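K.L.:
Let me give you the structure first, and then I'll get to my questions.
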Amino acid sequence: MSSGLAASFLISRSAGRRKRLAGLLGHAALFLTASSSALAILFIFYYIFRDALPFFRQRGLREFLFSTAWYPSSPEPAFGALAIFYGSGLVTAGAVLFAVPLGVSAAICLSDTLPFRARQMVKPVIEILAAIPSVAFGFLALVVLAPHLQQHGGTMLAVVAGVLGLPVAALGTWVASDLCTTRWTGRTRQVLRGVAVLVLGAIALLALYHGVSFLKALQIASGTNALNVALVLGIMALPTIVSVSEDALQAVGRELREGAYALGATRAETMLFVVIPAARSGIAAAIILGIMRAIGETMVVWMASGNAAQIPTPWYNLLQPVRTLTATIAGDMGEADHVTGSARYHVLFAMALCLVVISYTLNLVSEHFVRRGGRVGRR
Amino acid sequence: MKSRWMIAVVGAAMMVASVSASPRAGAQSPAAGTSAETKAKIVIDGSTTVGPLAKAFAEYYMSNNPGVNITVSESGSGNGAKSLVNGVCDVATLSRFMKPEEFKAAADKGLLPVAHVIAFDGIAIVVHPANPLSGLTLEQVRDIYLGKITNWKQLGGPDQDIIAISRDSNSGTYETFEQMVMDKQKIAPRIEYVGSNGAIRQRVQSTPAAIGYVGFGFLDRTVKALPVNDVHPDQQSVLSGRYPIARPLFMFTNGYPALGSHVQQFVTLYLSPKGQEIVESIGFVPLTKY
């Protein structure tokens with residue numbers, strides 16, 4: 001009896017050891033795979049930094065950050081990247097201006113107004129946008145959008161502004177008139193709201209008309225410009241913005257919405273004052289992810305931004321060609337690669353370092369927002 | 001242990017490679033061994049302008065002569081000349097003639113560089129077919145790219161801002177343009193850059209106010225090539241030296257390669273009909289007319 005017990009005890013002990021060993025091995029394997037991506041990032045940081053450093057040693061920071069003279073291949077090279085930083089910022093800002101209102105309102109529409117079945121169909125379609133390769137977008141920008149912008153750019157802009165502006169104006173009028181008549185109830189409110197819709201609608205239409213006719217008169221000399229790229233980058237950033245902010249809006253939960261309705265809030269009030277504020281950190285994260293998508297995009301800007309290393313005049317002029325960091329790295333690497341060791345090669349890594357730092361910072365910020373958003377959702 | 005073995009094997013392979021890369025190896029007669037170990041090798045180094053042509057030649061030559069291995073590097077004309085002088089390449093590709101000091105360095109080492117003109121690089125100034133201009137001078141082209149002339153009106157055309165388009169600074173075409181047109185002055189920042197000859201043509205044919213430059217091989221009816229200094233850009237005017245934006249492209253060998261050797265066949269490939277076709281497809285002007 002006792003020996004049998006001892007034997008079974010022994011077996012179970014060795015089995016336990018084996019089990020523990022297997023567990024350890026499994027853990028180690030999983031840890032390795034998990035840490036490999038972190039390691040890859042560390043390596044990327046290290047190698048970019050290592051190749052960027054010689055540039056700053058050779059040429060210093062001053063010219064790089066404050067000069068706009070970009071002549072890397074000249075006998076007396078100049079490496080002023082200010083205009084290039086500005087170009088990156090300009091197209092990204094343009095893309096954000098275009099994509100954020102559109103994306104966030106699409107997300108609100110998806111999560112709060114469309115019926116469930118329609119959402120099931122629309123969301124995958126929007127997400128397909130993310131699956132289109134960027135070179136296809138670049139081709140679209142260069143071969144389709146650029147000539148069209150040149151030939152009838154003003155009309156196109158006017159139509160786009162009209163198509164986008166009309167629903168926005170209608171919705172804005174509706175919501176605004178709804179909000180400014182909350183003090184009244186019943187029949188009076190309906191009448192007042194009707195009046196407000198008429199008045200505000202007329203104002204909005206007038207403003208829209210002026211805007212559209214201004215745009216229609218515009219002449220676009222070169223179709224490969226900041227606007228073209230900003231539009232296409234905006235379209236590319238849309239799926240990210242829509243799906244992340246839609247998730248954030250969904251995470252707000254039924255309780256808050258029902259609570260708002262129970263307190264007598266209208267649908268517009270619920271959305272504007274309850275749902276969106278509750279989801280704002282998630283929406284902010286979506287916007288930042290969209291910015292990252294736009295700032296890191298290379299192929300489209302290289303093909304369609306015109307790549308002129310200049311700060312447009314006036315500074316907000318989206319209709320002039322610009323050059324971005326990513327396009328400069330992609331475009332200049334081929335030649336610079338062969339003369340390894342020169343400033344012309346290392347300046348590209350200095351740019352890459354700046355890009356990595358920018359997107360890493362943005363990532364941290366969005367992470368921060370996502371974490372805060374998660375806490376709000378749970379509460 | 002195993003990894004050390006690998007390193008040893010790779011190292012040995014590299015040594016074999018570098019030994020067979022010596023100038024003489026390439027000059028072996030075609031009959032000499034086509035087996036894997038004694039595969040004849042031609043090492044080519046030099047100009048980024050000539051690089052694509054050398055690569056296309058190499059591809060064609062290797063597909064016809066499976067026993068030959070040709071490597072093409074593009075490290076610039078200066079480096080190509082240096083490699084030839086140092087004996088690390090069999091053929092140096094140059095987009096200019098050798099400089100006297102390079103010749104001297106070669107002579108000091110007992111080498112005799114021999115030039116083979118394999119093609120001409122001619123650059124055509126192109127505008128939209130609707131552009132009424134019938135020609136430009138070299139100075140006018142330069143002033144456009146310097147940003148001194150910004151409107152077609154200044155040249156007798158319509159009142160439109162000029163959209164000047166350039167190749168990216170990576171390309172040999174850009175290098176040629178910079179050298180032959182810009183006269184060491186810097187291209188204005190407002191000039192647009194695109195990544196290929198085809199992209200320039202695409203931009204010019206779709207932009208009425210555009211001006212650009214492409215290699216001769218990329219001319220077609222969708223764009224209008226302007227005469228420069230009253231000389232129409234074609235094969236005749238380039239080969240006769242009258243067209244101002246053209247230069248010969250060279251391959252240099254050490255001495256004239258032995259007749260019938262792979263190197264000799266390679267550097268005379270441009271004389272064959274297929275060679276002419278390759279030269280044209282890369283966008284250069286061939287010396288032959290079949």
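Residue numbering restarts at 1 in every chain; chains get A, B, ... in the order shown in the structure tokens, and ligands count up from 1 in that same order.
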Report as a ChimeraX atom specification: the residues of segment 41-195 of chain B with a DSSP assignment of alpha helix (DSSP H), based on the backbone of this structure.
P.N.:
/B:51-64,77-86,100-108,138-146,172-180
K.L.:
Would you save the residues from that selection as a PDB file, in the first residue's frame, using C-alpha atoms?
P.N.:
ATOM      1  CA  GLY B  51      23.637  52.080 -65.415  1.00  0.00           C
ATOM      2  CA  PRO B  52      20.169  51.184 -66.702  1.00  0.00           C
ATOM      3  CA  LEU B  53      21.573  50.678 -70.206  1.00  0.00           C
ATOM      4  CA  ALA B  54      24.445  48.542 -68.919  1.00  0.00           C
ATOM      5  CA  LYS B  55      21.962  46.509 -66.889  1.00  0.00           C
ATOM      6  CA  ALA B  56      19.716  45.950 -69.898  1.00  0.00           C
ATOM      7  CA  PHE B  57      22.732  44.973 -72.008  1.00  0.00           C
ATOM      8  CA  ALA B  58      23.912  42.638 -69.239  1.00  0.00           C
ATOM      9  CA  GLU B  59      20.515  40.991 -68.950  1.00  0.00           C
ATOM     10  CA  TYR B  60      20.357  40.394 -72.682  1.00  0.00           C
ATOM     11  CA  TYR B  61      23.949  39.188 -72.878  1.00  0.00           C
ATOM     12  CA  MET B  62      23.581  36.791 -69.953  1.00  0.00           C
ATOM     13  CA  SER B  63      20.398  35.291 -71.366  1.00  0.00           C
ATOM     14  CA  ASN B  64      22.281  34.568 -74.604  1.00  0.00           C
ATOM     15  CA  SER B  77      31.170  58.174 -63.287  1.00  0.00           C
ATOM     16  CA  GLY B  78      34.061  59.200 -61.052  1.00  0.00           C
ATOM     17  CA  ASN B  79      33.910  55.995 -59.073  1.00  0.00           C
ATOM     18  CA  GLY B  80      33.682  53.995 -62.281  1.00  0.00           C
ATOM     19  CA  ALA B  81      36.906  55.547 -63.537  1.00  0.00           C
ATOM     20  CA  LYS B  82      38.535  54.904 -60.160  1.00  0.00           C
ATOM     21  CA  SER B  83      37.439  51.266 -60.211  1.00  0.00           C
ATOM     22  CA  LEU B  84      38.900  50.778 -63.671  1.00  0.00           C
ATOM     23  CA  VAL B  85      42.196  52.346 -62.616  1.00  0.00           C
ATOM     24  CA  ASN B  86      42.292  50.155 -59.515  1.00  0.00           C
ATOM     25  CA  PRO B 100      43.175  64.020 -67.795  1.00  0.00           C
ATOM     26  CA  GLU B 101      44.064  63.225 -64.173  1.00  0.00           C
ATOM     27  CA  GLU B 102      42.160  59.945 -64.402  1.00  0.00           C
ATOM     28  CA  PHE B 103      44.072  59.100 -67.555  1.00  0.00           C
ATOM     29  CA  LYS B 104      47.292  59.951 -65.796  1.00  0.00           C
ATOM     30  CA  ALA B 105      46.418  57.733 -62.823  1.00  0.00           C
ATOM     31  CA  ALA B 106      45.707  54.905 -65.250  1.00  0.00           C
ATOM     32  CA  ALA B 107      48.920  55.470 -67.183  1.00  0.00           C
ATOM     33  CA  ASP B 108      50.903  55.484 -63.925  1.00  0.00           C
ATOM     34  CA  LEU B 138      18.936  77.174 -74.144  1.00  0.00           C
ATOM     35  CA  GLU B 139      19.020  80.379 -72.049  1.00  0.00           C
ATOM     36  CA  GLN B 140      15.243  80.561 -72.016  1.00  0.00           C
ATOM     37  CA  VAL B 141      14.974  76.966 -70.822  1.00  0.00           C
ATOM     38  CA  ARG B 142      17.510  77.731 -68.109  1.00  0.00           C
ATOM     39  CA  ASP B 143      15.661  80.875 -67.044  1.00  0.00           C
ATOM     40  CA  ILE B 144      12.416  78.927 -66.774  1.00  0.00           C
ATOM     41  CA  TYR B 145      14.050  76.404 -64.440  1.00  0.00           C
ATOM     42  CA  LEU B 146      15.804  79.178 -62.530  1.00  0.00           C
ATOM     43  CA  GLY B 172      20.760  60.380 -64.748  1.00  0.00           C
ATOM     44  CA  THR B 173      18.412  62.459 -66.875  1.00  0.00           C
ATOM     45  CA  TYR B 174      18.353  65.089 -64.128  1.00  0.00           C
ATOM     46  CA  GLU B 175      22.115  64.990 -63.893  1.00  0.00           C
ATOM     47  CA  THR B 176      22.449  65.507 -67.642  1.00  0.00           C
ATOM     48  CA  PHE B 177      19.931  68.345 -67.594  1.00  0.00           C
ATOM     49  CA  GLU B 178      21.635  69.996 -64.638  1.00  0.00           C
ATOM     50  CA  GLN B 179      24.968  69.796 -66.390  1.00  0.00           C
ATOM     51  CA  MET B 180      24.011  70.765 -69.913  1.00  0.00           C
TER      52      MET B 180
END
K.L.:
Give as a ChimeraX atom specification every residue of chain A that touches chain B within 9 Å, counting only C-alpha atoms.
P.N.:
/A:68-75,142-143,146-147,150-151,221-224,302-312,320-323,331-336,338-339
K.L.:
With distances taken over only C-alpha atoms, which of A:Arg50, A:Arg117, A:Arg371, A:Arg344 is nearest to Phe64 of chain A?
P.N.:
A:Arg344
K.L.:
Fewer than 3 positions away in the same chain doesn't count, so skip those; otherwise give me all residues within 8 Å of Ile329 of chain A, counting only C-alpha atoms, as a PyMOL selection string.
P.N.:
chain A and resi 325-326+332-333+348-349+351-352
K.L.:
Next, write the just-selected residues to a file, as a tab-separated table (two decimals), in the first residue's frame, keeping N, CA and C atoms as the atom set.
P.N.:
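The resulting result.tsv:
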chain	number	residue	atom	x	y	z
A	325	LEU	N	8.37	64.90	-46.13
A	325	LEU	CA	9.49	64.11	-45.60
A	325	LEU	C	9.53	62.72	-46.23
A	326	THR	N	8.37	62.05	-46.22
A	326	THR	CA	8.35	60.67	-46.70
A	326	THR	C	8.74	60.61	-48.18
A	332	ASP	N	14.92	60.27	-52.77
A	332	ASP	CA	16.36	60.54	-52.79
A	332	ASP	C	17.21	59.34	-52.39
A	333	MET	N	16.58	58.32	-51.82
A	333	MET	CA	17.36	57.21	-51.29
A	333	MET	C	18.13	56.48	-52.37
A	348	LEU	N	18.74	61.84	-44.99
A	348	LEU	CA	17.49	61.11	-45.14
A	348	LEU	C	17.15	60.37	-43.86
A	349	PHE	N	18.20	59.88	-43.18
A	349	PHE	CA	17.96	59.20	-41.91
A	349	PHE	C	17.57	60.20	-40.83
A	351	MET	N	15.78	62.75	-41.40
A	351	MET	CA	14.36	62.94	-41.64
A	351	MET	C	13.55	61.76	-41.11
A	352	ALA	N	14.06	60.56	-41.37
A	352	ALA	CA	13.36	59.38	-40.89
A	352	ALA	C	13.26	59.41	-39.37
K.L.:
Determine, counting only C-alpha atoms, which protein, DNA and RNA residues have an atom within 7 Å of an atom of Ile42 of chain B; residues of the same chain fewer than 6 positions away are not included. Present the result as a ChimeraX atom specification.
P.N.:
/B:26,69-71,90,263
K.L.:
Generate the output file for the selected residues, N, CA and C atoms, as a tab-separated table (two decimals), in the first residue's frame.
P.N.:
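Just written: part.tsv:
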chain	number	residue	atom	x	y	z
B	26	GLY	N	37.58	38.45	-66.90
B	26	GLY	CA	36.49	38.80	-67.81
B	26	GLY	C	36.91	38.65	-69.26
B	69	ASN	N	28.61	35.70	-66.16
B	69	ASN	CA	27.93	36.40	-65.07
B	69	ASN	C	28.38	37.86	-65.09
B	70	ILE	N	27.43	38.76	-65.24
B	70	ILE	CA	27.77	40.19	-65.32
B	70	ILE	C	27.14	40.91	-64.14
B	71	THR	N	27.96	41.66	-63.40
B	71	THR	CA	27.40	42.48	-62.32
B	71	THR	C	27.56	43.95	-62.69
B	90	ASP	N	35.92	45.53	-64.97
B	90	ASP	CA	36.38	45.28	-66.33
B	90	ASP	C	35.93	46.38	-67.26
B	263	VAL	N	34.10	40.45	-73.00
B	263	VAL	CA	34.09	41.90	-72.78
B	263	VAL	C	33.96	42.61	-74.12
K.L.:
Quick one: which segment 246-302 of chain A residues come within 12 Å of segment 180-190 of chain A, and what is the nearest atom pair for each with the distance in Å to one decimal, counting only C-alpha atoms, rows ordered by chain and ascending number, as JSON lines?
P.N.:
{"residue": "A:Gly264", "atom": "CA", "partner": "A:Thr182", "partner_atom": "CA", "distance": 10.4}
{"residue": "A:Ala265", "atom": "CA", "partner": "A:Thr182", "partner_atom": "CA", "distance": 9.3}
{"residue": "A:Thr266", "atom": "CA", "partner": "A:Thr182", "partner_atom": "CA", "distance": 9.2}
{"residue": "A:Ala268", "atom": "CA", "partner": "A:Thr182", "partner_atom": "CA", "distance": 11.3}
{"residue": "A:Glu269", "atom": "CA", "partner": "A:Thr182", "partner_atom": "CA", "distance": 9.8}
K.L.:
Next, write the just-selected residues to a file, as a PDB file, in the first residue's frame, keeping N, CA and C atoms as the atom set.
P.N.:
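Result file again11.pdb:
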ATOM      1  N   GLY A 264     -35.561  63.337 -20.919  1.00  0.00           N
ATOM      2  CA  GLY A 264     -36.311  64.183 -21.834  1.00  0.00           C
ATOM      3  C   GLY A 264     -35.466  64.805 -22.924  1.00  0.00           C
ATOM      4  N   ALA A 265     -34.234  64.352 -23.067  1.00  0.00           N
ATOM      5  CA  ALA A 265     -33.380  64.915 -24.115  1.00  0.00           C
ATOM      6  C   ALA A 265     -33.837  64.418 -25.479  1.00  0.00           C
ATOM      7  N   THR A 266     -33.697  65.285 -26.485  1.00  0.00           N
ATOM      8  CA  THR A 266     -33.997  64.829 -27.841  1.00  0.00           C
ATOM      9  C   THR A 266     -32.824  63.994 -28.341  1.00  0.00           C
ATOM     10  N   ALA A 268     -30.879  64.663 -30.877  1.00  0.00           N
ATOM     11  CA  ALA A 268     -29.728  65.523 -31.155  1.00  0.00           C
ATOM     12  C   ALA A 268     -28.997  65.875 -29.874  1.00  0.00           C
ATOM     13  N   GLU A 269     -29.760  66.218 -28.837  1.00  0.00           N
ATOM     14  CA  GLU A 269     -29.137  66.562 -27.552  1.00  0.00           C
ATOM     15  C   GLU A 269     -28.375  65.368 -26.990  1.00  0.00           C
TER      16      GLU A 269
END
K.L.:
Which distance in Å separates atom CA of Ile241 of chain A and atom CA of Ser105 of chain A, to one decimal?
P.N.:
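Distance between the two atoms: 10.1 Å.
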K.L.:
Would you list the contacts of Pro54 of chain A as a PDB file with C-alpha atoms, in the first residue's frame, taking every protein, DNA or RNA residue within 8 Å and counting only C-alpha atoms, but skipping same-chain residues closer than 3 positions in sequence?
P.N.:
ATOM      1  CA  ARG A  50      22.946  55.545 -35.835  1.00  0.00           C
ATOM      2  CA  ASP A  51      22.672  56.680 -39.444  1.00  0.00           C
ATOM      3  CA  ARG A  57      27.705  65.921 -36.655  1.00  0.00           C
ATOM      4  CA  GLN A  58      28.612  67.084 -40.154  1.00  0.00           C
ATOM      5  CA  ALA A 343      25.604  64.006 -45.724  1.00  0.00           C
ATOM      6  CA  HIS A 346      22.518  60.642 -43.660  1.00  0.00           C
TER       7      HIS A 346
END
K.L.:
When DSSP works through the backbone of this structure, what residues of segment 35-106 of chain A end up as strand (DSSP E), shown as JSON, numbers by chain?
P.N.:
{"A": [70, 71, 78, 79]}
K.L.:
With C-alpha atoms retained, write the just-selected residues as a PDB file, in the first residue's frame.
P.N.:
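Below you can see selection_22.pdb, which holds the result:
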ATOM      1  CA  TRP A  70      17.087  71.954 -50.386  1.00  0.00           C
ATOM      2  CA  TYR A  71      19.816  71.071 -52.896  1.00  0.00           C
ATOM      3  CA  ALA A  78      22.256  72.585 -48.999  1.00  0.00           C
ATOM      4  CA  PHE A  79      20.134  70.555 -46.637  1.00  0.00           C
TER       5      PHE A  79
END
K.L.:
Report, in Å to a single decimal, how far apart atom CA of Glu76 of chain A and atom CA of Leu53 of chain A are.
P.N.:
20.7 Å
K.L.:
Find the residue from B:Ala92, B:Leu287, B:Val214, B:Val68 that sits nearest to Ser272 of chain B; use only C-alpha atoms when measuring.
P.N.:
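Residue with the minimum atom-to-atom distance to Ser272 of chain B: B:Leu287.
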K.L.:
Can you work out the spacing between atom CA of Val370 of chain A and atom CA of Phe98 of chain A in Å, to one decimal?
P.N.:
22.8 Å
K.L.:
Give the answer as one residue: which of A:Ala28, A:Ile44, A:Val365, A:Ala237 has the shortest atom-to-atom distance to Ser281 of chain A, using only C-alpha atoms?
P.N.:
A:Val365
K.L.:
Which residues, written as a ChimeraX atom specification, have at least one atom at most 7 Å from segment 154-156 of chain A, with only C-alpha atoms counted and residues fewer than 2 positions away on the same chain left out?
P.N.:
/A:152,158-160,215-219
K.L.:
Using only C-alpha atoms, which protein or nucleic acid residues come within 9 Å of Gly234 of chain A? Drop anything in the same chain fewer than 3 positions from it, and give the result as a PyMOL selection string.
P.N.:
chain A and resi 92+94-100+229-231+237-238+290+294
K.L.:
Write the selection just made, keeping C-alpha atoms, as a short mmCIF file (atom, residue, chain, number, x, y, z; two decimals), in the first residue's frame?
P.N.:
data_model
loop_
_atom_site.label_atom_id
_atom_site.label_comp_id
_atom_site.auth_asym_id
_atom_site.auth_seq_id
_atom_site.Cartn_x
_atom_site.Cartn_y
_atom_site.Cartn_z
CA THR A 92 -1.47 66.29 -43.13
CA GLY A 94 -5.39 69.35 -45.13
CA ALA A 95 -6.14 65.65 -44.89
CA VAL A 96 -7.26 66.05 -41.27
CA LEU A 97 -9.48 69.03 -42.12
CA PHE A 98 -11.13 66.95 -44.78
CA ALA A 99 -11.26 63.55 -43.12
CA VAL A 100 -12.06 64.35 -39.48
CA VAL A 229 -2.67 64.90 -51.93
CA ALA A 230 -4.60 66.13 -48.90
CA LEU A 231 -7.84 64.88 -50.43
CA ALA A 237 -7.34 58.10 -43.34
CA LEU A 238 -11.13 57.78 -43.36
CA GLY A 290 -5.78 59.23 -38.83
CA ALA A 294 -1.62 60.66 -43.33
#
K.L.:
Find, counting only C-alpha atoms, the residue in A:Ile84, A:Val232, A:Val242, A:Leu205 that gets nearest to Phe139 of chain A.
P.N.:
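Checking each candidate against Phe139 of chain A, we get A:Val232 as the closest.
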K.L.:
Tell me which of B:Leu136, B:Gly157, B:Phe120, B:Leu269 sits closest to Gln236 of chain B, counting only C-alpha atoms.
P.N.:
B:Phe120
